[in-house]
file input-v4.cif (mmCIF, C-alpha atoms)
data_start
#
loop_
_atom_site.label_atom_id
_atom_site.label_comp_id
_atom_site.auth_asym_id
_atom_site.auth_seq_id
_atom_site.Cartn_x
_atom_site.Cartn_y
_atom_site.Cartn_z
CA MET A 1 0.00 0.00 0.00
CA ALA A 2 1.43 3.38 -1.05
CA ALA A 3 0.27 5.23 2.08
CA THR A 4 -0.14 4.16 5.65
CA VAL A 5 -3.32 4.55 7.67
CA GLY A 6 -1.49 7.24 9.65
CA GLU A 7 -0.79 9.21 6.46
CA ILE A 8 -4.43 8.93 5.43
CA VAL A 9 -5.55 10.18 8.84
CA ARG A 10 -3.10 13.11 8.67
CA THR A 11 -4.44 14.02 5.23
CA ARG A 12 -8.02 13.84 6.48
CA VAL A 13 -7.19 16.08 9.45
CA HIS A 14 -4.83 18.61 7.85
CA ASN A 15 -5.90 18.58 4.20
CA PRO A 16 -9.53 17.33 4.01
CA GLU A 17 -10.04 19.02 0.63
CA ALA A 18 -7.64 16.42 -0.80
CA ILE A 19 -10.57 13.98 -0.90
CA ALA A 20 -12.65 16.17 -3.24
CA GLU A 21 -9.53 16.84 -5.31
CA ALA A 22 -8.80 13.12 -5.61
CA ALA A 23 -12.41 12.55 -6.69
CA LYS A 24 -12.07 15.23 -9.40
CA GLN A 25 -8.82 13.71 -10.66
CA ARG A 26 -10.10 10.12 -10.69
CA VAL A 27 -10.32 8.60 -14.15
CA PRO A 28 -13.78 7.01 -14.34
CA ALA A 29 -14.42 3.59 -15.78
CA PRO A 30 -15.34 3.71 -19.47
CA SER A 31 -18.38 1.56 -18.65
CA VAL A 32 -19.87 -0.12 -15.61
CA VAL A 33 -19.62 -3.36 -17.57
CA GLY A 34 -16.04 -4.57 -17.97
CA GLU A 35 -14.40 -5.23 -21.31
CA HIS A 36 -15.27 -8.92 -20.84
CA GLY A 37 -19.00 -8.08 -20.68
CA ARG A 38 -19.29 -8.79 -16.96
CA VAL A 39 -19.43 -6.81 -13.74
CA MET A 40 -17.53 -7.76 -10.58
CA ILE A 41 -17.93 -5.29 -7.75
CA ILE A 42 -16.03 -5.62 -4.48
CA ALA A 43 -18.36 -4.98 -1.51
CA ALA A 44 -16.68 -2.91 1.20
CA ASP A 45 -19.45 -1.70 3.48
CA HIS A 46 -19.75 -4.51 6.00
CA PRO A 47 -17.47 -3.03 8.70
CA ALA A 48 -19.86 -0.06 9.03
CA ARG A 49 -22.44 -2.48 10.50
CA GLY A 50 -19.93 -4.10 12.79
CA SER A 51 -19.80 -7.18 10.57
CA LEU A 52 -16.06 -7.78 10.62
CA GLY A 53 -15.84 -11.50 9.89
CA ALA A 54 -14.84 -13.20 6.66
CA GLY A 55 -14.29 -16.89 6.16
CA GLY A 56 -13.27 -18.42 9.48
CA ASP A 57 -11.83 -15.18 10.89
CA PRO A 58 -14.40 -13.23 12.94
CA MET A 59 -12.15 -10.12 12.92
CA ALA A 60 -10.88 -10.30 9.31
CA MET A 61 -11.93 -6.72 8.53
CA ALA A 62 -11.09 -5.15 11.91
CA ASP A 63 -7.60 -3.91 11.00
CA ARG A 64 -8.03 -0.82 8.77
CA GLY A 65 -4.59 -1.06 7.18
CA ASP A 66 -5.04 -4.72 6.37
CA LEU A 67 -8.53 -4.10 4.99
CA LEU A 68 -7.30 -1.29 2.73
CA ASP A 69 -4.36 -3.40 1.57
CA ARG A 70 -6.67 -6.29 0.67
CA LEU A 71 -9.05 -3.93 -1.13
CA CYS A 72 -6.18 -2.46 -3.14
CA ARG A 73 -5.03 -5.95 -4.12
CA ALA A 74 -8.57 -7.02 -4.99
CA LEU A 75 -9.04 -3.97 -7.23
CA GLU A 76 -5.92 -5.00 -9.18
CA ARG A 77 -7.30 -8.45 -9.96
CA PRO A 78 -8.28 -9.14 -13.56
CA GLY A 79 -12.03 -8.97 -14.01
CA VAL A 80 -12.71 -6.74 -11.00
CA THR A 81 -14.64 -3.78 -12.40
CA GLY A 82 -15.26 -1.71 -9.30
CA VAL A 83 -16.05 -1.26 -5.66
CA MET A 84 -19.05 -0.42 -3.49
CA GLY A 85 -18.35 0.98 -0.06
CA THR A 86 -19.05 3.43 2.69
CA ALA A 87 -17.82 7.01 2.47
CA ASP A 88 -14.79 6.42 4.70
CA ILE A 89 -13.58 3.43 2.71
CA LEU A 90 -14.14 5.03 -0.71
CA GLU A 91 -12.46 8.24 0.39
CA ASP A 92 -9.44 6.30 1.68
CA LEU A 93 -9.26 4.45 -1.65
CA LEU A 94 -9.46 7.79 -3.48
CA LEU A 95 -6.56 9.11 -1.38
CA LEU A 96 -4.61 5.95 -2.23
CA GLY A 97 -5.27 6.58 -5.94
CA VAL A 98 -6.56 3.09 -6.69
CA LEU A 99 -9.99 3.89 -8.17
CA ASP A 100 -8.91 5.02 -11.65
CA GLY A 101 -10.74 3.06 -14.34
CA LYS A 102 -13.03 1.41 -11.78
CA SER A 103 -16.76 1.81 -11.22
CA VAL A 104 -17.49 3.29 -7.81
CA PHE A 105 -20.76 2.97 -5.88
CA GLY A 106 -21.37 4.72 -2.56
CA SER A 107 -23.27 2.98 0.20
CA MET A 108 -26.04 5.19 1.51
CA ASN A 109 -27.33 3.37 4.60
CA ARG A 110 -25.33 1.29 7.06
CA THR A 111 -26.43 2.11 10.60
CA GLY A 112 -28.22 -1.05 11.72
CA LEU A 113 -25.45 -2.66 13.72
CA ALA A 114 -25.36 -6.43 13.40
CA GLY A 115 -26.75 -8.15 16.48
CA SER A 116 -28.16 -4.97 18.04
CA THR A 117 -31.78 -4.40 19.05
CA PHE A 118 -31.91 -1.72 16.32
CA GLU A 119 -30.30 -3.83 13.60
CA ILE A 120 -33.25 -3.42 11.21
CA ASP A 121 -33.22 0.38 11.64
CA ASP A 122 -30.73 0.93 8.82
CA ARG A 123 -31.00 4.70 8.34
CA PHE A 124 -29.40 6.78 5.62
CA THR A 125 -26.27 8.13 7.25
CA GLY A 126 -23.70 7.56 4.52
CA TYR A 127 -23.69 9.13 1.11
CA ASP A 128 -26.72 10.80 -0.43
CA ALA A 129 -27.46 10.96 -4.16
CA GLU A 130 -26.20 14.54 -4.48
CA THR A 131 -22.82 13.74 -2.93
CA ILE A 132 -22.44 10.59 -5.02
CA ALA A 133 -22.98 12.70 -8.15
CA ALA A 134 -20.62 15.43 -6.90
CA MET A 135 -17.90 12.84 -6.28
CA GLY A 136 -18.28 11.56 -9.85
CA PHE A 137 -19.24 8.07 -8.72
CA ASP A 138 -21.26 5.71 -10.88
CA GLY A 139 -24.11 5.20 -8.47
CA GLY A 140 -25.32 4.55 -4.98
CA LYS A 141 -26.51 1.51 -3.11
CA THR A 142 -29.29 1.23 -0.59
CA LEU A 143 -30.38 -1.84 1.29
CA THR A 144 -33.85 -2.56 2.60
CA ARG A 145 -33.98 -5.38 5.07
CA ILE A 146 -37.29 -6.82 6.15
CA ALA A 147 -37.58 -8.68 9.43
CA LEU A 148 -41.06 -10.12 9.84
CA GLU A 149 -40.55 -10.49 13.60
CA ASP A 150 -39.28 -6.90 14.14
CA ALA A 151 -41.79 -4.12 14.86
CA ALA A 152 -39.35 -1.54 13.43
CA THR A 153 -39.71 -2.93 9.89
CA PRO A 154 -42.72 -0.79 8.88
CA SER A 155 -40.93 2.46 9.79
CA VAL A 156 -37.85 1.33 7.85
CA LEU A 157 -40.03 0.67 4.80
CA GLU A 158 -41.63 4.12 4.91
CA ASN A 159 -38.43 6.12 5.47
CA PRO A 160 -37.18 7.95 2.38
#
call {"tool": "encode", "arguments": {"input": "input-v4.cif", "output": "C-alpha cells"}}
result
Amino acid sequence: MAATVGEIVRTRVHNPEAIAEAAKQRVPAPSVVGEHGRVMIIAADHPARGSLGAGGDPMAMADRGDLLDRLCRALERPGVTGVMGTADILEDLLLLGVLDGKSVFGSMNRTGLAGSTFEIDDRFTGYDAETIAAMGFDGGKTLTRIALEDAATPSVLENP
C-alpha cells in the first residue's frame, strides 16, 4: 500500500479538501460493464455495520490497514470492475489513488449494527445521491432489510 493509515488520517485532518480533489482527478471507468461483458464489484461496506468476519476469521476486517491493503489488491485483480463501499472506505481508496478506471458505488445506509436491538433500523447516514454525483461516482446503493418479527420494519419501509 502506497500510504499508511497514519498518512491517510493526517491528510483527512490537515488537508480534508484532498478527498474532493482526488475525486475530481479520478479517471472514471469507461463503462460499468467490464471489457469482458461482466461486472464484478467488491463490496466494502460490512465493517460499518460491525460485521467484521470473513471466512473463518471473525475479525478479518477489523484492521483498517489490512482491509485497505486487501481492497487495493482485490481492485488490481483481472475482471474486478469496481467497488461499493461506505464514504470512509471510498475516500481512503481515493486518497490511495486506486480507483482510476473502476466503477465506484457509494453505500447510503449502514447504521443497523449487526446483532443490536436496532439492527433493522438501517438509516441513511452515509452518502446521499447529491454527494455521489458530486464525487463523480457511478451510483449509490441502498439496502432494505425486512424482518417479519421486528416491529421496526414498517418504519424502515416508509423512510425515504
call {"tool": "atom_distance", "arguments": {"input": "input-v4.cif", "atom1": "atom CA of A:Arg10", "atom2": "atom CA of A:Met108"}}
result
25.3 Å
call {"tool": "residues_around", "arguments": {"input": "input-v4.cif", "residues": "A:Ala20", "least_positions_apart": "5", "cutoff": "10 Å", "atoms": "all atoms listed in the file", "output": "PyMOL selection string"}}
result
chain A and resi 25-26+91+94-95+134-136
call {"tool": "residues_around", "arguments": {"input": "input-v4.cif", "residues": "A:Leu99", "least_positions_apart": "6", "cutoff": "10 Å", "atoms": "all atoms listed in the file", "output": "mmCIF file with C-alpha atoms, keeping the file's coordinate frame"}}
result
data_model
loop_
_atom_site.group_PDB
_atom_site.id
_atom_site.type_symbol
_atom_site.label_atom_id
_atom_site.label_comp_id
_atom_site.auth_asym_id
_atom_site.auth_seq_id
_atom_site.Cartn_x
_atom_site.Cartn_y
_atom_site.Cartn_z
ATOM 1 C CA ALA A 22 -8.800 13.120 -5.610
ATOM 2 C CA ALA A 23 -12.410 12.550 -6.690
ATOM 3 C CA ARG A 26 -10.100 10.120 -10.690
ATOM 4 C CA VAL A 27 -10.320 8.600 -14.150
ATOM 5 C CA PRO A 28 -13.780 7.010 -14.340
ATOM 6 C CA ALA A 29 -14.420 3.590 -15.780
ATOM 7 C CA CYS A 72 -6.180 -2.460 -3.140
ATOM 8 C CA LEU A 75 -9.040 -3.970 -7.230
ATOM 9 C CA GLU A 76 -5.920 -5.000 -9.180
ATOM 10 C CA THR A 81 -14.640 -3.780 -12.400
ATOM 11 C CA GLY A 82 -15.260 -1.710 -9.300
ATOM 12 C CA VAL A 83 -16.050 -1.260 -5.660
ATOM 13 C CA LEU A 90 -14.140 5.030 -0.710
ATOM 14 C CA GLU A 91 -12.460 8.240 0.390
ATOM 15 C CA LEU A 93 -9.260 4.450 -1.650
#
call {"tool": "closest_residue", "arguments": {"input": "input-v4.cif", "among": "A:Val5, A:Ala133, A:Ala152, A:Val33", "to": "A:Ile89", "atoms": "all atoms listed in the file"}}
result
A:Val5
call {"tool": "closest_residue", "arguments": {"input": "input-v4.cif", "among": "A:Gly65, A:Val80, A:Ser116, A:Pro16", "to": "A:Gly37", "atoms": "all atoms listed in the file"}}
result
A:Val80
call {"tool": "residues_around", "arguments": {"input": "input-v4.cif", "residues": "A:Ser107", "least_positions_apart": "3", "cutoff": "8 Å", "atoms": "only C-alpha atoms", "output": "PyMOL selection string"}}
result
chain A and resi 45+84-87+110+126-127+140-142
call {"tool": "closest_residue", "arguments": {"input": "input-v4.cif", "among": "A:Ala43, A:Leu68, A:Glu149, A:Gly106", "to": "A:Ala129", "atoms": "all atoms listed in the file"}}
result
A:Gly106
call {"tool": "atom_distance", "arguments": {"input": "input-v4.cif", "atom1": "atom CA of A:Gly139", "atom2": "atom CA of A:Ser31"}}
result
12.2 Å
call {"tool": "atom_distance", "arguments": {"input": "input-v4.cif", "atom1": "atom CA of A:Gly6", "atom2": "atom CA of A:Ala74"}}
result
21.6 Å
call {"tool": "closest_residue", "arguments": {"input": "input-v4.cif", "among": "A:Phe137, A:Thr11, A:Thr144, A:Gly97", "to": "A:Glu119", "atoms": "all atoms listed in the file"}}
result
A:Thr144
call {"tool": "residues_around", "arguments": {"input": "input-v4.cif", "residues": "A:Gly79", "least_positions_apart": "4", "cutoff": "9 Å", "atoms": "all atoms listed in the file", "output": "PyMOL selection string"}}
result
chain A and resi 34-36+38-40+75
call {"tool": "closest_residue", "arguments": {"input": "input-v4.cif", "among": "A:Glu7, A:Asp63, A:Asp57, A:Asp121", "to": "A:Leu96", "atoms": "only C-alpha atoms"}}
result
A:Glu7
call {"tool": "closest_residue", "arguments": {"input": "input-v4.cif", "among": "A:Val13, A:Lys102, A:Asp69, A:Ile120", "to": "A:Ile146", "atoms": "all atoms listed in the file"}}
result
A:Ile120
